[in-house]
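Visitor: My file is structure07.tsv. It has TSV, N, CA and C atoms and all ligand atoms:
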chain	number	residue	atom	x	y	z
G	141	MET	N	170.21	129.30	115.02
G	141	MET	CA	169.81	130.54	115.68
G	141	MET	C	168.67	130.26	116.63
G	142	LYS	N	168.63	131.05	117.69
G	142	LYS	CA	167.61	130.86	118.72
G	142	LYS	C	166.91	132.18	119.00
G	143	LEU	N	165.68	132.05	119.46
G	143	LEU	CA	164.97	133.18	120.05
G	143	LEU	C	164.87	132.92	121.54
G	144	VAL	N	165.48	133.80	122.33
G	144	VAL	CA	165.38	133.70	123.77
G	144	VAL	C	164.26	134.62	124.22
G	145	THR	N	163.26	134.06	124.84
G	145	THR	CA	162.15	134.84	125.39
G	145	THR	C	162.29	134.80	126.91
G	146	ALA	N	162.30	135.97	127.51
G	146	ALA	CA	162.45	136.05	128.97
G	146	ALA	C	161.32	136.90	129.51
G	147	ILE	N	160.62	136.37	130.51
G	147	ILE	CA	159.58	137.13	131.20
G	147	ILE	C	160.11	137.41	132.59
G	148	ILE	N	160.24	138.70	132.89
G	148	ILE	CA	160.92	139.11	134.13
G	148	ILE	C	160.08	140.14	134.88
G	149	LYS	N	160.52	140.41	136.12
G	149	LYS	CA	159.88	141.48	136.89
G	149	LYS	C	160.28	142.83	136.28
G	150	PRO	N	159.30	143.74	136.14
G	150	PRO	CA	159.59	145.00	135.45
G	150	PRO	C	160.75	145.79	136.04
G	151	HIS	N	160.93	145.77	137.36
G	151	HIS	CA	161.99	146.61	137.95
G	151	HIS	C	163.38	146.05	137.66
G	152	LYS	N	163.46	144.87	137.10
G	152	LYS	CA	164.76	144.29	136.74
G	152	LYS	C	165.19	144.67	135.33
G	153	LEU	N	164.34	145.38	134.60
G	153	LEU	CA	164.62	145.58	133.17
G	153	LEU	C	165.95	146.28	132.91
G	154	ASP	N	166.19	147.40	133.60
G	154	ASP	CA	167.42	148.16	133.30
G	154	ASP	C	168.67	147.33	133.59
G	155	GLU	N	168.64	146.61	134.71
G	155	GLU	CA	169.82	145.82	135.08
G	155	GLU	C	170.03	144.66	134.10
G	156	VAL	N	168.93	144.04	133.68
G	156	VAL	CA	169.04	142.96	132.70
G	156	VAL	C	169.56	143.50	131.37
G	157	LYS	N	169.06	144.66	130.97
G	157	LYS	CA	169.53	145.26	129.72
G	157	LYS	C	171.04	145.50	129.77
G	158	GLU	N	171.53	146.01	130.90
G	158	GLU	CA	172.97	146.25	131.02
G	158	GLU	C	173.75	144.94	130.96
G	159	ALA	N	173.23	143.91	131.61
G	159	ALA	CA	173.92	142.62	131.58
G	159	ALA	C	173.95	142.06	130.16
G	160	LEU	N	172.85	142.25	129.43
G	160	LEU	CA	172.82	141.76	128.05
G	160	LEU	C	173.79	142.54	127.17
G	161	GLN	N	173.88	143.84	127.39
G	161	GLN	CA	174.86	144.63	126.63
G	161	GLN	C	176.27	144.14	126.94
G	162	GLY	N	176.50	143.81	128.21
G	162	GLY	CA	177.80	143.29	128.59
G	162	GLY	C	178.12	141.95	127.96
G	163	ALA	N	177.07	141.20	127.64
G	163	ALA	CA	177.24	139.90	127.00
G	163	ALA	C	177.30	140.03	125.48
G	164	GLY	N	177.27	141.26	124.99
G	164	GLY	CA	177.44	141.48	123.56
G	164	GLY	C	176.16	141.43	122.75
G	165	VAL	N	175.02	141.47	123.43
G	165	VAL	CA	173.76	141.43	122.70
G	165	VAL	C	173.55	142.76	121.96
G	166	ALA	N	173.22	142.66	120.68
G	166	ALA	CA	173.17	143.86	119.83
G	166	ALA	C	171.77	144.45	119.71
G	167	GLY	N	170.76	143.73	120.17
G	167	GLY	CA	169.41	144.27	120.06
G	167	GLY	C	168.45	143.42	120.85
G	168	LEU	N	167.34	144.04	121.21
G	168	LEU	CA	166.31	143.25	121.88
G	168	LEU	C	164.97	143.95	121.75
G	169	THR	N	163.93	143.20	121.95
G	169	THR	CA	162.57	143.73	121.92
G	169	THR	C	161.97	143.59	123.31
G	170	VAL	N	161.31	144.64	123.76
G	170	VAL	CA	160.71	144.66	125.08
G	170	VAL	C	159.21	144.91	124.95
G	171	SER	N	158.42	144.13	125.68
G	171	SER	CA	156.97	144.34	125.72
G	171	SER	C	156.51	144.33	127.16
G	172	GLU	N	155.52	145.16	127.44
G	172	GLU	CA	154.85	145.08	128.74
G	172	GLU	C	153.74	144.06	128.62
G	173	VAL	N	153.79	143.06	129.49
G	173	VAL	CA	152.81	141.98	129.43
G	173	VAL	C	152.22	141.75	130.81
G	174	ARG	N	151.24	140.90	130.89
G	174	ARG	CA	150.68	140.48	132.17
G	174	ARG	C	150.57	138.98	132.15
G	175	GLY	N	150.74	138.37	133.31
G	175	GLY	CA	150.63	136.93	133.32
G	175	GLY	C	150.55	136.39	134.73
G	176	TYR	N	150.53	135.09	134.82
G	176	TYR	CA	150.62	134.44	136.12
G	176	TYR	C	151.30	133.10	135.96
G	177	GLY	N	151.84	132.62	137.05
G	177	GLY	CA	152.49	131.32	137.09
G	177	GLY	C	151.79	130.41	138.08
G	178	ARG	N	152.59	129.65	138.79
G	178	ARG	CA	152.01	128.60	139.63
G	178	ARG	C	151.17	129.15	140.77
G	179	GLN	N	151.48	130.37	141.22
G	179	GLN	CA	150.72	130.92	142.36
G	179	GLN	C	149.46	131.65	141.89
G	180	LEU	N	149.20	131.61	140.58
G	180	LEU	CA	148.03	132.26	140.02
G	180	LEU	C	148.00	133.76	140.30
G	181	GLY	N	149.18	134.33	140.54
G	181	GLY	CA	149.25	135.77	140.74
G	181	GLY	C	148.88	136.24	142.12
G	182	HIS	N	148.40	135.35	142.98
G	182	HIS	CA	147.79	135.81	144.22
G	182	HIS	C	148.79	136.15	145.32
G	183	THR	N	149.94	135.53	145.30
G	183	THR	CA	150.85	135.71	146.43
G	183	THR	C	152.05	136.58	146.08
G	184	GLU	N	152.00	137.22	144.93
G	184	GLU	CA	153.13	138.05	144.55
G	184	GLU	C	152.97	139.48	145.06
G	185	ILE	N	154.10	140.04	145.44
G	185	ILE	CA	154.13	141.45	145.84
G	185	ILE	C	154.56	142.27	144.63
G	186	TYR	N	153.79	143.28	144.30
G	186	TYR	CA	154.15	144.17	143.20
G	186	TYR	C	154.10	145.60	143.72
G	187	ARG	N	155.25	146.29	143.68
G	187	ARG	CA	155.35	147.66	144.19
G	187	ARG	C	154.80	147.77	145.60
G	188	GLY	N	155.20	146.81	146.44
G	188	GLY	CA	154.92	146.92	147.86
G	188	GLY	C	153.57	146.41	148.31
G	189	ALA	N	152.67	146.14	147.39
G	189	ALA	CA	151.35	145.69	147.81
G	189	ALA	C	151.07	144.34	147.20
G	190	GLU	N	150.36	143.52	147.94
G	190	GLU	CA	150.00	142.23	147.36
G	190	GLU	C	149.01	142.45	146.23
G	191	TYR	N	149.30	141.80	145.14
G	191	TYR	CA	148.43	141.94	143.98
G	191	TYR	C	147.27	140.99	144.13
G	192	THR	N	146.06	141.47	144.06
G	192	THR	CA	144.92	140.62	144.37
G	192	THR	C	144.20	140.13	143.12
G	193	VAL	N	144.72	140.47	141.97
G	193	VAL	CA	144.11	139.98	140.74
G	193	VAL	C	144.97	138.87	140.16
G	194	GLU	N	144.46	138.18	139.20
G	194	GLU	CA	145.18	137.04	138.65
G	194	GLU	C	146.42	137.44	137.86
G	195	PHE	N	146.33	138.56	137.15
G	195	PHE	CA	147.42	138.91	136.25
G	195	PHE	C	148.37	139.91	136.91
G	196	VAL	N	149.65	139.61	136.83
G	196	VAL	CA	150.68	140.46	137.41
G	196	VAL	C	151.50	141.08	136.27
G	197	PRO	N	151.78	142.38	136.34
G	197	PRO	CA	152.58	143.01	135.28
G	197	PRO	C	153.98	142.41	135.21
G	198	LYS	N	154.40	142.12	134.00
G	198	LYS	CA	155.74	141.59	133.74
G	198	LYS	C	156.30	142.28	132.51
G	199	VAL	N	157.58	142.11	132.29
G	199	VAL	CA	158.22	142.57	131.05
G	199	VAL	C	158.69	141.35	130.28
G	200	LYS	N	158.39	141.35	128.99
G	200	LYS	CA	158.86	140.26	128.12
G	200	LYS	C	159.99	140.78	127.23
G	201	LEU	N	161.10	140.07	127.27
G	201	LEU	CA	162.24	140.38	126.41
G	201	LEU	C	162.34	139.31	125.33
G	202	GLU	N	162.61	139.75	124.11
G	202	GLU	CA	162.86	138.81	123.02
G	202	GLU	C	164.22	139.14	122.43
G	203	ILE	N	165.10	138.15	122.42
G	203	ILE	CA	166.49	138.35	122.01
G	203	ILE	C	166.87	137.28	121.00
G	204	LEU	N	167.24	137.69	119.82
G	204	LEU	CA	167.79	136.75	118.85
G	204	LEU	C	169.24	136.48	119.20
G	205	ALA	N	169.63	135.22	119.16
G	205	ALA	CA	171.00	134.86	119.51
G	205	ALA	C	171.51	133.78	118.56
G	206	SER	N	172.79	133.84	118.27
G	206	SER	CA	173.40	132.74	117.53
G	206	SER	C	173.53	131.54	118.46
G	207	ASP	N	173.70	130.36	117.88
G	207	ASP	CA	173.82	129.16	118.72
G	207	ASP	C	174.99	129.27	119.69
G	208	SER	N	176.03	129.98	119.28
G	208	SER	CA	177.24	130.06	120.13
G	208	SER	C	177.09	131.07	121.27
G	209	THR	N	176.11	131.94	121.21
G	209	THR	CA	175.97	132.95	122.27
G	209	THR	C	174.74	132.75	123.14
G	210	VAL	N	173.92	131.77	122.80
G	210	VAL	CA	172.65	131.65	123.51
G	210	VAL	C	172.85	131.36	125.00
G	211	ASP	N	173.83	130.57	125.34
G	211	ASP	CA	174.04	130.28	126.77
G	211	ASP	C	174.43	131.53	127.54
G	212	ALA	N	175.26	132.38	126.94
G	212	ALA	CA	175.65	133.62	127.60
G	212	ALA	C	174.46	134.55	127.80
G	213	VAL	N	173.56	134.54	126.83
G	213	VAL	CA	172.36	135.38	126.94
G	213	VAL	C	171.49	134.89	128.10
G	214	ILE	N	171.27	133.59	128.15
G	214	ILE	CA	170.45	133.03	129.24
G	214	ILE	C	171.08	133.34	130.59
G	215	ASP	N	172.39	133.12	130.69
G	215	ASP	CA	173.08	133.37	131.96
G	215	ASP	C	172.96	134.83	132.39
G	216	ALA	N	173.04	135.74	131.41
G	216	ALA	CA	172.96	137.16	131.74
G	216	ALA	C	171.59	137.50	132.32
G	217	VAL	N	170.55	136.95	131.73
G	217	VAL	CA	169.19	137.25	132.19
G	217	VAL	C	168.96	136.63	133.58
G	218	VAL	N	169.26	135.35	133.68
G	218	VAL	CA	168.96	134.65	134.93
G	218	VAL	C	169.79	135.21	136.09
G	219	GLY	N	171.05	135.52	135.80
G	219	GLY	CA	171.93	136.00	136.85
G	219	GLY	C	171.45	137.29	137.48
G	220	VAL	N	170.79	138.13	136.69
G	220	VAL	CA	170.33	139.42	137.20
G	220	VAL	C	168.88	139.35	137.68
G	221	ALA	N	168.05	138.59	137.00
G	221	ALA	CA	166.61	138.62	137.28
G	221	ALA	C	166.22	137.77	138.48
G	222	ARG	N	167.12	136.93	138.97
G	222	ARG	CA	166.76	136.06	140.09
G	222	ARG	C	166.85	136.81	141.41
G	223	SER	N	165.71	136.89	142.11
G	223	SER	CA	165.72	137.42	143.48
G	223	SER	C	165.55	136.30	144.49
G	224	GLY	N	165.05	135.16	144.00
G	224	GLY	CA	164.73	134.04	144.88
G	224	GLY	C	163.29	134.03	145.33
G	225	GLU	N	162.56	135.10	145.00
G	225	GLU	CA	161.15	135.18	145.36
G	225	GLU	C	160.29	134.60	144.24
G	226	VAL	N	159.06	134.23	144.58
G	226	VAL	CA	158.16	133.77	143.54
G	226	VAL	C	157.93	134.90	142.53
G	227	GLY	N	157.68	134.49	141.30
G	227	GLY	CA	157.40	135.46	140.26
G	227	GLY	C	158.62	136.02	139.56
G	228	ASP	N	159.80	135.46	139.82
G	228	ASP	CA	161.02	135.95	139.16
G	228	ASP	C	160.95	135.79	137.64
G	229	GLY	N	160.16	134.83	137.18
G	229	GLY	CA	159.94	134.74	135.74
G	229	GLY	C	160.44	133.46	135.11
G	230	LYS	N	160.45	133.48	133.79
G	230	LYS	CA	160.82	132.30	133.00
G	230	LYS	C	161.68	132.73	131.84
G	231	VAL	N	162.53	131.83	131.41
G	231	VAL	CA	163.28	132.01	130.17
G	231	VAL	C	163.03	130.76	129.33
G	232	PHE	N	162.68	130.96	128.07
G	232	PHE	CA	162.55	129.79	127.20
G	232	PHE	C	163.15	130.11	125.84
G	233	VAL	N	163.56	129.04	125.18
G	233	VAL	CA	164.36	129.17	123.96
G	233	VAL	C	163.66	128.41	122.84
G	234	THR	N	163.54	129.06	121.70
G	234	THR	CA	162.95	128.41	120.53
G	234	THR	C	163.91	128.52	119.35
G	235	GLU	N	163.80	127.55	118.46
G	235	GLU	CA	164.61	127.56	117.25
G	235	GLU	C	164.10	128.64	116.29
G	236	VAL	N	165.03	129.28	115.60
G	236	VAL	CA	164.68	130.29	114.60
G	236	VAL	C	165.17	129.80	113.24
G	237	ALA	N	164.27	129.80	112.26
G	237	ALA	CA	164.61	129.28	110.94
G	237	ALA	C	165.31	130.30	110.06
G	238	ARG	N	165.02	131.57	110.23
G	238	ARG	CA	165.50	132.57	109.28
G	238	ARG	C	165.50	133.93	109.92
G	239	VAL	N	166.53	134.71	109.67
G	239	VAL	CA	166.58	136.11	110.10
G	239	VAL	C	167.04	136.94	108.90
G	240	VAL	N	166.42	138.07	108.69
G	240	VAL	CA	166.83	138.99	107.63
G	240	VAL	C	166.98	140.39	108.20
G	241	ARG	N	168.13	141.01	107.99
G	241	ARG	CA	168.25	142.45	108.29
G	241	ARG	C	167.68	143.20	107.10
G	242	ILE	N	166.62	143.94	107.33
G	242	ILE	CA	165.87	144.52	106.22
G	242	ILE	C	166.73	145.51	105.43
G	243	ARG	N	167.51	146.33	106.13
G	243	ARG	CA	168.26	147.38	105.43
G	243	ARG	C	169.23	146.82	104.41
G	244	THR	N	169.91	145.74	104.77
G	244	THR	CA	171.01	145.24	103.93
G	244	THR	C	170.67	143.95	103.19
G	245	GLY	N	169.64	143.27	103.63
G	245	GLY	CA	169.34	141.98	103.06
G	245	GLY	C	170.20	140.85	103.61
G	246	GLU	N	171.11	141.17	104.55
G	246	GLU	CA	171.90	140.10	105.18
G	246	GLU	C	170.96	139.11	105.86
G	247	THR	N	171.42	137.87	105.95
G	247	THR	CA	170.56	136.84	106.52
G	247	THR	C	171.25	136.08	107.64
G	248	ASP	N	170.42	135.45	108.44
G	248	ASP	CA	170.82	134.50	109.48
G	248	ASP	C	171.86	135.11	110.43
G	249	ASP	N	172.94	134.42	110.77
G	249	ASP	CA	173.85	134.92	111.80
G	249	ASP	C	174.36	136.33	111.48
G	250	GLU	N	174.55	136.63	110.21
G	250	GLU	CA	175.03	137.97	109.85
G	250	GLU	C	173.99	139.05	110.12
G	251	ALA	N	172.75	138.63	110.23
G	251	ALA	CA	171.68	139.60	110.43
G	251	ALA	C	171.35	139.80	111.91
G	252	ILE	N	171.93	138.99	112.77
G	252	ILE	CA	171.67	139.13	114.21
G	252	ILE	C	172.48	140.28	114.74
F	301	LIG	N1	153.63	128.04	131.79
F	301	LIG	C1	153.70	129.33	131.42
F	301	LIG	N2	153.38	129.69	130.18
F	301	LIG	C2	153.46	130.98	129.79
F	301	LIG	N3	153.87	131.97	130.57
F	301	LIG	C3	154.22	131.66	131.83
F	301	LIG	C4	154.16	130.32	132.31
F	301	LIG	N4	154.58	130.32	133.59
F	301	LIG	C5	154.89	131.59	133.87
F	301	LIG	N5	154.68	132.40	132.82
F	301	LIG	C6	154.88	133.83	132.73
F	301	LIG	O1	155.97	134.16	133.56
F	301	LIG	C7	155.57	135.07	134.58
F	301	LIG	C8	156.33	134.74	135.82
F	301	LIG	O2	156.06	133.40	136.19
F	301	LIG	P1	156.54	132.87	137.59
F	301	LIG	O3	157.95	133.30	137.79
F	301	LIG	O4	155.56	133.24	138.64
F	301	LIG	O5	156.51	131.29	137.31
F	301	LIG	P2	156.31	130.14	138.38
F	301	LIG	O6	156.37	128.85	137.62
F	301	LIG	O7	155.10	130.43	139.17
F	301	LIG	O8	157.63	130.23	139.28
F	301	LIG	P3	157.74	130.69	140.82
F	301	LIG	O9	157.24	129.53	141.62
F	301	LIG	O10	159.18	130.98	141.01
F	301	LIG	O11	156.88	131.91	140.98
F	301	LIG	C9	154.07	134.91	134.66
F	301	LIG	O12	153.45	136.08	135.18
F	301	LIG	C10	153.69	134.64	133.22
F	301	LIG	O13	153.68	135.87	132.52
F	302	MG	MG	154.96	132.18	140.27
Spell out the structure here as structure tokens.
Guide:
Amino acid sequence: MKLVTAIIKPHKLDEVKEALQGAGVAGLTVSEVRGYGRQLGHTEIYRGAEYTVEFVPKVKLEILASDSTVDAVIDAVVGVARSGEVGDGKVFVTEVARVVRIRTGETDDEAI
């Protein structure tokens, strides 16, 4: 099992969510975050104005995926979130040791 973490531009959230639903993703967690990448936040445009502070608003998605679906999840995010401009974001994948669905006690792939 994998945890796919994606940091994207906030205005892409709805479209990414739809793409993930199309890829069969059954749940996700969304957080409003702030960050910067290689440009240190200085050259990014946010809502039409250049952002002059270091931290730029982003949305972080966390998606649990089985090993067999993780590539489809990554493709869904990247395919929609890429504009070609700086600040499009990052996707990274980490191993997950255990998942439990609290209501039923199901574990691992059955709990995703
Ligand atoms: N090395 C990193 N570690 C943690 N978070 C990062 C890292 N790089 C980027 N991020 C997060 O991702 C967001 C988007 O990063 P961004 O797309 O600007 O990366 P980049 O490497 O500068 O790529 P680009 O050159 O396309 O802008 C940042 O605002 C930050 O929240
Ligand atoms: Mg950048």
Visitor: The residues within 7 Å of (160.7, 135.5, 118.9), using all atoms listed in the file and the coordinates of the file, should be reported as a PyMOL selection string; which are they?
Guide: chain G and resi 143-145+202-204
Visitor: Using only C-alpha atoms, can you tell me which of G:Ser206, G:Thr169, G:Thr234, G:Ser223 comes closest to Asp249 of chain G?
Guide: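 Closest residue, counting only C-alpha atoms: G:Ser206.
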Visitor: Taking all atoms listed in the file into account, which residues are within 6 Å of ligand MG 302 (chain F), as a list in words?
Guide: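 Within the 6 Å cut-off, the matching residues are Tyr176, Gly177, Arg178, Gln179, Leu180, Val226, Gly227 and Asp228 of chain G.
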Visitor: Could you write out the selected residues, including N, CA and C atoms, as a compact mmCIF listing (two decimals), in the coordinates of the input?
Guide:
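Dumped to out_2.txt:
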# COMPACT_ATOMS: atom_id res chain seq x y z
N TYR G 176 150.53 135.09 134.82
CA TYR G 176 150.62 134.44 136.12
C TYR G 176 151.30 133.10 135.96
N GLY G 177 151.84 132.62 137.05
CA GLY G 177 152.49 131.32 137.09
C GLY G 177 151.79 130.41 138.08
N ARG G 178 152.59 129.65 138.79
CA ARG G 178 152.01 128.60 139.63
C ARG G 178 151.17 129.15 140.77
N GLN G 179 151.48 130.37 141.22
CA GLN G 179 150.72 130.92 142.36
C GLN G 179 149.46 131.65 141.89
N LEU G 180 149.20 131.61 140.58
CA LEU G 180 148.03 132.26 140.02
C LEU G 180 148.00 133.76 140.30
N VAL G 226 159.06 134.23 144.58
CA VAL G 226 158.16 133.77 143.54
C VAL G 226 157.93 134.90 142.53
N GLY G 227 157.68 134.49 141.30
CA GLY G 227 157.40 135.46 140.26
C GLY G 227 158.62 136.02 139.56
N ASP G 228 159.80 135.46 139.82
CA ASP G 228 161.02 135.95 139.16
C ASP G 228 160.95 135.79 137.64
Visitor: Which residues, written as a PDB file with N, CA and C atoms, in the frame of the given file, have at least one atom at most 8 Å from segment 151-166 of chain G, with only C-alpha atoms counted and residues fewer than 5 positions away on the same chain left out?
Guide:
ATOM      1  N   VAL G 199     157.580 142.110 132.290  1.00  0.00           N
ATOM      2  CA  VAL G 199     158.220 142.570 131.050  1.00  0.00           C
ATOM      3  C   VAL G 199     158.690 141.350 130.280  1.00  0.00           C
ATOM      4  N   ILE G 203     165.100 138.150 122.420  1.00  0.00           N
ATOM      5  CA  ILE G 203     166.490 138.350 122.010  1.00  0.00           C
ATOM      6  C   ILE G 203     166.870 137.280 121.000  1.00  0.00           C
ATOM      7  N   ALA G 205     169.630 135.220 119.160  1.00  0.00           N
ATOM      8  CA  ALA G 205     171.000 134.860 119.510  1.00  0.00           C
ATOM      9  C   ALA G 205     171.510 133.780 118.560  1.00  0.00           C
ATOM     10  N   ALA G 212     175.260 132.380 126.940  1.00  0.00           N
ATOM     11  CA  ALA G 212     175.650 133.620 127.600  1.00  0.00           C
ATOM     12  C   ALA G 212     174.460 134.550 127.800  1.00  0.00           C
ATOM     13  N   VAL G 213     173.560 134.540 126.830  1.00  0.00           N
ATOM     14  CA  VAL G 213     172.360 135.380 126.940  1.00  0.00           C
ATOM     15  C   VAL G 213     171.490 134.890 128.100  1.00  0.00           C
ATOM     16  N   ALA G 216     173.040 135.740 131.410  1.00  0.00           N
ATOM     17  CA  ALA G 216     172.960 137.160 131.740  1.00  0.00           C
ATOM     18  C   ALA G 216     171.590 137.500 132.320  1.00  0.00           C
ATOM     19  N   VAL G 217     170.550 136.950 131.730  1.00  0.00           N
ATOM     20  CA  VAL G 217     169.190 137.250 132.190  1.00  0.00           C
ATOM     21  C   VAL G 217     168.960 136.630 133.580  1.00  0.00           C
ATOM     22  N   VAL G 220     170.790 138.130 136.690  1.00  0.00           N
ATOM     23  CA  VAL G 220     170.330 139.420 137.200  1.00  0.00           C
ATOM     24  C   VAL G 220     168.880 139.350 137.680  1.00  0.00           C
ATOM     25  N   ALA G 221     168.050 138.590 137.000  1.00  0.00           N
ATOM     26  CA  ALA G 221     166.610 138.620 137.280  1.00  0.00           C
ATOM     27  C   ALA G 221     166.220 137.770 138.480  1.00  0.00           C
ATOM     28  N   ILE G 252     171.930 138.990 112.770  1.00  0.00           N
ATOM     29  CA  ILE G 252     171.670 139.130 114.210  1.00  0.00           C
ATOM     30  C   ILE G 252     172.480 140.280 114.740  1.00  0.00           C
TER      31      ILE G 252
END
Visitor: Which is closer to Ile147 of chain G than all the others in G:Gly175, G:Pro197, G:Gly229, G:Gly181, using all atoms listed in the file?
Guide: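 Of G:Gly175, G:Pro197, G:Gly229, G:Gly181, the one nearest Ile147 of chain G is G:Gly229, counting all atoms listed in the file.
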Visitor: Report the residues of chain G whose backbone DSSP state falls under strand (DSSP E), written as a VMD selection string.
Guide: chain G and resid 142 to 148 169 to 175 185 to 186 189 to 190 196 to 205 229 to 235
Visitor: Write out, as a tab-separated table (two decimals), in the coordinates of the input, the residues just selected, with N, CA and C atoms.
Guide:
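This is the output file selection33.tsv:
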chain	number	residue	atom	x	y	z
G	142	LYS	N	168.63	131.05	117.69
G	142	LYS	CA	167.61	130.86	118.72
G	142	LYS	C	166.91	132.18	119.00
G	143	LEU	N	165.68	132.05	119.46
G	143	LEU	CA	164.97	133.18	120.05
G	143	LEU	C	164.87	132.92	121.54
G	144	VAL	N	165.48	133.80	122.33
G	144	VAL	CA	165.38	133.70	123.77
G	144	VAL	C	164.26	134.62	124.22
G	145	THR	N	163.26	134.06	124.84
G	145	THR	CA	162.15	134.84	125.39
G	145	THR	C	162.29	134.80	126.91
G	146	ALA	N	162.30	135.97	127.51
G	146	ALA	CA	162.45	136.05	128.97
G	146	ALA	C	161.32	136.90	129.51
G	147	ILE	N	160.62	136.37	130.51
G	147	ILE	CA	159.58	137.13	131.20
G	147	ILE	C	160.11	137.41	132.59
G	148	ILE	N	160.24	138.70	132.89
G	148	ILE	CA	160.92	139.11	134.13
G	148	ILE	C	160.08	140.14	134.88
G	169	THR	N	163.93	143.20	121.95
G	169	THR	CA	162.57	143.73	121.92
G	169	THR	C	161.97	143.59	123.31
G	170	VAL	N	161.31	144.64	123.76
G	170	VAL	CA	160.71	144.66	125.08
G	170	VAL	C	159.21	144.91	124.95
G	171	SER	N	158.42	144.13	125.68
G	171	SER	CA	156.97	144.34	125.72
G	171	SER	C	156.51	144.33	127.16
G	172	GLU	N	155.52	145.16	127.44
G	172	GLU	CA	154.85	145.08	128.74
G	172	GLU	C	153.74	144.06	128.62
G	173	VAL	N	153.79	143.06	129.49
G	173	VAL	CA	152.81	141.98	129.43
G	173	VAL	C	152.22	141.75	130.81
G	174	ARG	N	151.24	140.90	130.89
G	174	ARG	CA	150.68	140.48	132.17
G	174	ARG	C	150.57	138.98	132.15
G	175	GLY	N	150.74	138.37	133.31
G	175	GLY	CA	150.63	136.93	133.32
G	175	GLY	C	150.55	136.39	134.73
G	185	ILE	N	154.10	140.04	145.44
G	185	ILE	CA	154.13	141.45	145.84
G	185	ILE	C	154.56	142.27	144.63
G	186	TYR	N	153.79	143.28	144.30
G	186	TYR	CA	154.15	144.17	143.20
G	186	TYR	C	154.10	145.60	143.72
G	189	ALA	N	152.67	146.14	147.39
G	189	ALA	CA	151.35	145.69	147.81
G	189	ALA	C	151.07	144.34	147.20
G	190	GLU	N	150.36	143.52	147.94
G	190	GLU	CA	150.00	142.23	147.36
G	190	GLU	C	149.01	142.45	146.23
G	196	VAL	N	149.65	139.61	136.83
G	196	VAL	CA	150.68	140.46	137.41
G	196	VAL	C	151.50	141.08	136.27
G	197	PRO	N	151.78	142.38	136.34
G	197	PRO	CA	152.58	143.01	135.28
G	197	PRO	C	153.98	142.41	135.21
G	198	LYS	N	154.40	142.12	134.00
G	198	LYS	CA	155.74	141.59	133.74
G	198	LYS	C	156.30	142.28	132.51
G	199	VAL	N	157.58	142.11	132.29
G	199	VAL	CA	158.22	142.57	131.05
G	199	VAL	C	158.69	141.35	130.28
G	200	LYS	N	158.39	141.35	128.99
G	200	LYS	CA	158.86	140.26	128.12
G	200	LYS	C	159.99	140.78	127.23
G	201	LEU	N	161.10	140.07	127.27
G	201	LEU	CA	162.24	140.38	126.41
G	201	LEU	C	162.34	139.31	125.33
G	202	GLU	N	162.61	139.75	124.11
G	202	GLU	CA	162.86	138.81	123.02
G	202	GLU	C	164.22	139.14	122.43
G	203	ILE	N	165.10	138.15	122.42
G	203	ILE	CA	166.49	138.35	122.01
G	203	ILE	C	166.87	137.28	121.00
G	204	LEU	N	167.24	137.69	119.82
G	204	LEU	CA	167.79	136.75	118.85
G	204	LEU	C	169.24	136.48	119.20
G	205	ALA	N	169.63	135.22	119.16
G	205	ALA	CA	171.00	134.86	119.51
G	205	ALA	C	171.51	133.78	118.56
G	229	GLY	N	160.16	134.83	137.18
G	229	GLY	CA	159.94	134.74	135.74
G	229	GLY	C	160.44	133.46	135.11
G	230	LYS	N	160.45	133.48	133.79
G	230	LYS	CA	160.82	132.30	133.00
G	230	LYS	C	161.68	132.73	131.84
G	231	VAL	N	162.53	131.83	131.41
G	231	VAL	CA	163.28	132.01	130.17
G	231	VAL	C	163.03	130.76	129.33
G	232	PHE	N	162.68	130.96	128.07
G	232	PHE	CA	162.55	129.79	127.20
G	232	PHE	C	163.15	130.11	125.84
G	233	VAL	N	163.56	129.04	125.18
G	233	VAL	CA	164.36	129.17	123.96
G	233	VAL	C	163.66	128.41	122.84
G	234	THR	N	163.54	129.06	121.70
G	234	THR	CA	162.95	128.41	120.53
G	234	THR	C	163.91	128.52	119.35
G	235	GLU	N	163.80	127.55	118.46
G	235	GLU	CA	164.61	127.56	117.25
G	235	GLU	C	164.10	128.64	116.29
Visitor: Can you tell me how far atom CA of Lys142 of chain G sits from atom CA of Val231 of chain G, in Å to one decimal?
Guide: 12.3 Å
Visitor: Would you compute, for all listed atoms of ligand LIG 301 (chain F), the axis-aligned bounding box grown by 4 Å on each side, and then report its centre and edge lengths in Å rounded to one decimal, as JSON?
Guide:
{"center_x": 156.3, "center_y": 132.1, "center_z": 135.7, "size_x": 13.8, "size_y": 16.0, "size_z": 19.8}
Visitor: Considering all atoms listed in the file, state which residue in the set G:Glu194, G:Asp211, G:Glu235, G:Glu246 is at the smallest distance from ligand LIG 301 (chain F).
Guide: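 Going through G:Glu194, G:Asp211, G:Glu235, G:Glu246 one by one, the smallest distance to ligand LIG 301 (chain F) is for G:Glu194.
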Visitor: What separation in Å, quoted to one decimal, exists between atom C of Val196 of chain G and atom C of Met141 of chain G?
Guide: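 Between atom C of Val196 of chain G and atom C of Met141 of chain G the gap works out to 28.2 Å.
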Visitor: Suppose you want the space between atom N of Val218 of chain G and atom CA of Arg241 of chain G; what is it in Å?
Guide: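 Taking atom N of Val218 of chain G and atom CA of Arg241 of chain G, their separation equals 26.4 Å.
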Visitor: Using only N, CA and C atoms, which residue out of G:Val210, G:Ala251, G:Arg174, G:Leu201 lies closest to Val239 of chain G?
Guide: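 When distances to Val239 of chain G are compared using only N, CA and C atoms, the smallest one comes from G:Ala251.
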Visitor: For a quick check of understanding, using only N, CA and C atoms, which of G:Arg243, G:Arg238, G:Lys200, G:His182 has the smallest distance to Val170 of chain G?
Guide: G:Lys200
Visitor: Find the residue from G:Leu168, G:Val236, G:Ile242, G:Ala146 that sits nearest to ligand LIG 301 (chain F); use all atoms listed in the file when measuring.
Guide: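 Answer, going by the shortest atom-to-atom distance: G:Ala146.
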Visitor: Using DSSP assignments from the backbone, pull out every residue in segment 142-236 of chain G that falls under alpha helix (DSSP H) and give it to me as number ranges by chain.
Guide: G: 153-162, 210-221
